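Report on the following structure.
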Amino acid sequence: MNTIDFADPSAAAATAADHVRRTLLAPAGIEGIDLALVLGSGWNQGVEELGEEIASVPLDEVPGFSKPVVQGHGGALRLARTPNGKVAMVLTGRTHFYEGRGVAPVVHGVRTAAALGATMLVLTNGCGGLDPAWAPGTAVLIADHINLTGATPLRGATFIDMSEAYSRRLMTVARQVEPSLPEGVYVQFSGPSYETPAEVKMAGILGGSLVGMSTALETIAAREAGLEVLGISLVTNAAAGISGENLDHQEVIEAGKQAGPRLTSLLQGLLAAL
Ligand code: 8IG
């Protein structure tokens, strides 16, 4: 891990952004980035095919970032030029709330992206699905979220409008690339245990259709920073109690592997359209 003081999270993001500018962007003659892409479980296999590489470093070399603790979660910061001529920062892997380091490290990537000048953020994740029609490997647009972690990256009286947390405009762009994408409401639990069937039932009653452990906190920080957010979930498993089968992390990884090529073309299409 690359230790940094998160007592002032925006100073931490400025430090990380400065490091990326000096060591990765400036040598390539680039001033800032246009968008950031966070690749969650199942999403990182085709990372080398996402745009033309400008630079890439292990995440733990960037101030405040650490290697993902989970198998199948990658661990690099990659800068790439999209087919559209935009500069994208691609993070393979993320810090999760369940790691117990607090919320600031969880949203450090989002704040660093904003400090580097990004205006758009694409958040991807692997999650459980409540709709039995969503077979493992189905990609689902996040239309809204419910944050059940009891935590927030915001401090004090920071009133952020969450009416359109997930950008309608970006959802439309995603559907121009892949018209069949369904949409759902993402419910973030703290984890790291998966839900009980009763918790999944509760999530459904509340209006949720996807259950996961990452994206809502990142989206809150992104909205604070003024980023336009696109969220896409990969349903890697039916949520507990939905299919009658038990959950197994190996199966989760397998579903991601199977879906890999489709997810890569979806992201390539997106990067060309954004
Ligand atoms: I992959 O079923 C993956 N991540 N909370 N529930 C929660 N997170 C997940 C799940 C799931 N599958």
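Letters A, B, ... mark the chains of the structure tokens in the order given; residue numbers begin at 1 per chain; ligand numbers begin at 1, in order shown.
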
From region 9-189 of chain A, collect each residue whose DSSP state is strand (DSSP E or B) and return the set as an NGL selection string. :A and (35-39 or 52-58 or 76-81 or 87-92 or 120-129 or 138-147 or 183-188)

Would you pick out the contacts of Gly102 (chain A) at 9 Å or less, using only C-alpha atoms, so that residues sharing its chain but fewer than 4 positions from it are not included, and give the list as a ChimeraX atom specification? /A:96-98,106,151,153

Please return as an MDAnalysis selection string the residues found within 8 Å of ligand 1, counting only C-alpha atoms and all ligand atoms. chainID A and resid 41:42 125:129 187:195 210:213 234:240 247 249 252:253

Those residues you just picked out, can you put them in a file as a short mmCIF file (atom, residue, chain, number, x, y, z; two decimals), in the first residue's frame with C-alpha atoms?
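The resulting file, selection_34.cif, is reproduced below:
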data_model
loop_
_atom_site.label_atom_id
_atom_site.label_comp_id
_atom_site.auth_asym_id
_atom_site.auth_seq_id
_atom_site.Cartn_x
_atom_site.Cartn_y
_atom_site.Cartn_z
CA SER A 41 -15.29 -7.93 -10.92
CA GLY A 42 -15.59 -9.58 -14.27
CA ASN A 125 -19.22 -3.86 -10.94
CA GLY A 126 -20.12 -7.49 -10.46
CA CYS A 127 -23.26 -8.01 -8.42
CA GLY A 128 -26.19 -10.23 -7.61
CA GLY A 129 -29.40 -9.96 -9.62
CA VAL A 187 -28.71 -1.64 -3.65
CA GLN A 188 -25.40 -1.33 -1.87
CA PHE A 189 -24.87 -3.44 1.23
CA SER A 190 -21.69 -3.17 3.32
CA GLY A 191 -20.73 -6.82 2.85
CA PRO A 192 -18.48 -8.71 2.85
CA SER A 193 -20.99 -11.47 3.53
CA TYR A 194 -23.43 -11.85 0.68
CA GLU A 195 -27.04 -11.15 1.62
CA LEU A 210 -29.26 -5.50 -8.11
CA VAL A 211 -27.29 -6.12 -4.90
CA GLY A 212 -23.63 -5.24 -4.52
CA MET A 213 -20.90 -3.84 -2.32
CA LEU A 234 -22.57 -7.43 -14.47
CA VAL A 235 -24.98 -9.85 -12.87
CA THR A 236 -22.56 -12.63 -11.97
CA ASN A 237 -25.02 -14.57 -9.82
CA ALA A 238 -28.66 -14.70 -8.89
CA ALA A 239 -28.94 -12.95 -5.51
CA ALA A 240 -29.39 -15.27 -2.53
CA LEU A 247 -23.48 -18.44 -3.81
CA HIS A 249 -17.08 -16.80 -5.26
CA VAL A 252 -18.84 -15.43 -9.63
CA ILE A 253 -15.38 -15.38 -11.22
#

Any idea what's packed within 12 Å of Gln45 (chain A), counting only C-alpha atoms, ignoring anything in its chain fewer than 4 positions away? Could you give it as a list in words?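 Counting only the stated atoms, we get Leu39, Gly40, Ser41, Glu49, Leu50, Gly72, His73, Gly74, Gly75, Thr92, Gly93, Ile253, Gly256, Lys257, Gln258, Ala259, Gly260, Pro261, Arg262, Leu263, Thr264, Ser265 and Leu267 of chain A.
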
Pick out each residue of region 66-201 of chain A that DSSP on the backbone tags as helix (DSSP H, G or I); I need them as a PyMOL selection string. chain A and resi 97-99+108-115+168-177+197-201

To one decimal place, how far is CA of Asp248 (chain A) from CA of Val90 (chain A) in Å?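 Interatomic distance here is 27.7 Å.
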
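Using only C-alpha atoms, the protein and nucleic acid residues lying no more than 7 Å from Gly117 (chain A), apart from those fewer than 4 places from it along its own chain, are Gly32, Ile33, Asp34 and Ala113 of chain A.
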
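Remark: for Val185 (chain A), the closest of the candidate residues A:Ile232, A:Val122, A:Leu35, A:Ile220 is A:Ile232 (distances computed over only C-alpha atoms).
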
Computed interatomic separation between CA of Glu251 (chain A) and CA of Ala216 (chain A) (Å): 24.0 Å

So, with only C-alpha atoms as the atoms that count, which of A:Ala17, A:Val107, A:Ala76, A:Ile160 lies closest to Asn44 (chain A)?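 Closest to Asn44 (chain A) of all the choices is A:Ala76.
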
Surrounding residues of Pro9 (chain A) excluding itself and chain neighbours under 6 positions, 12 Å, only C-alpha atoms, as a list of chain:residue names: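 Once the adjacent positions are removed, what remains is A:Thr15, A:Ala16, A:Pro63, A:Gly64, A:Gly102, A:Val103, A:Ala104, A:Pro105, A:Val106, A:Val107, A:His108, A:Gly109, A:Val110, A:Arg111, A:Thr112, A:Ala115, A:Pro153, A:Leu154, A:Arg155, A:Ala221.
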
Taking C-alpha atoms for each residue, export the selection above as a PDB file, in the first residue's frame.
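selection-v4.pdb, written as the output of this step:
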ATOM      1  CA  THR A  15      -1.632  14.609  -4.321  1.00  0.00           C
ATOM      2  CA  ALA A  16      -2.586  11.550  -6.370  1.00  0.00           C
ATOM      3  CA  PRO A  63      -0.485   7.867  -3.625  1.00  0.00           C
ATOM      4  CA  GLY A  64      -3.507   6.647  -1.686  1.00  0.00           C
ATOM      5  CA  GLY A 102     -13.279   4.034   5.931  1.00  0.00           C
ATOM      6  CA  VAL A 103     -15.020   5.717   3.003  1.00  0.00           C
ATOM      7  CA  ALA A 104     -12.274   8.116   1.877  1.00  0.00           C
ATOM      8  CA  PRO A 105     -10.031   5.398   0.342  1.00  0.00           C
ATOM      9  CA  VAL A 106     -13.121   3.900  -1.328  1.00  0.00           C
ATOM     10  CA  VAL A 107     -13.816   7.091  -3.293  1.00  0.00           C
ATOM     11  CA  HIS A 108     -10.200   8.188  -3.755  1.00  0.00           C
ATOM     12  CA  GLY A 109     -10.190   7.073  -7.402  1.00  0.00           C
ATOM     13  CA  VAL A 110     -13.328   9.070  -8.135  1.00  0.00           C
ATOM     14  CA  ARG A 111     -11.910  12.210  -6.533  1.00  0.00           C
ATOM     15  CA  THR A 112      -8.559  11.738  -8.255  1.00  0.00           C
ATOM     16  CA  ALA A 115      -8.958  16.418  -9.832  1.00  0.00           C
ATOM     17  CA  PRO A 153     -18.212  10.002   1.596  1.00  0.00           C
ATOM     18  CA  LEU A 154     -19.660  13.461   2.308  1.00  0.00           C
ATOM     19  CA  ARG A 155     -18.832  15.445   5.393  1.00  0.00           C
ATOM     20  CA  ALA A 221     -18.617  11.192  -4.308  1.00  0.00           C
TER      21      ALA A 221
END

Which is closest to Ala118 (chain A) among A:Leu181, A:Val47, A:Val229, A:Leu170, if we use only C-alpha atoms? A:Val229

Take CA of Thr82 (chain A) and CA of Leu37 (chain A) and report the distance between them in Å, one decimal. 11.7 Å

Taking 2 positions as the minimum chain separation for residues in the same chain, which residues sit within 8 Å of Ala55 (chain A) when counting only C-alpha atoms? Answer as a PyMOL selection string. chain A and resi 24-25+53+57+78-80

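Compared by their closest atoms to Leu123 (chain A), and using only C-alpha atoms, the residues A:Ser209, A:Thr219, A:Pro68, A:Tyr186 rank with A:Thr219 nearest.
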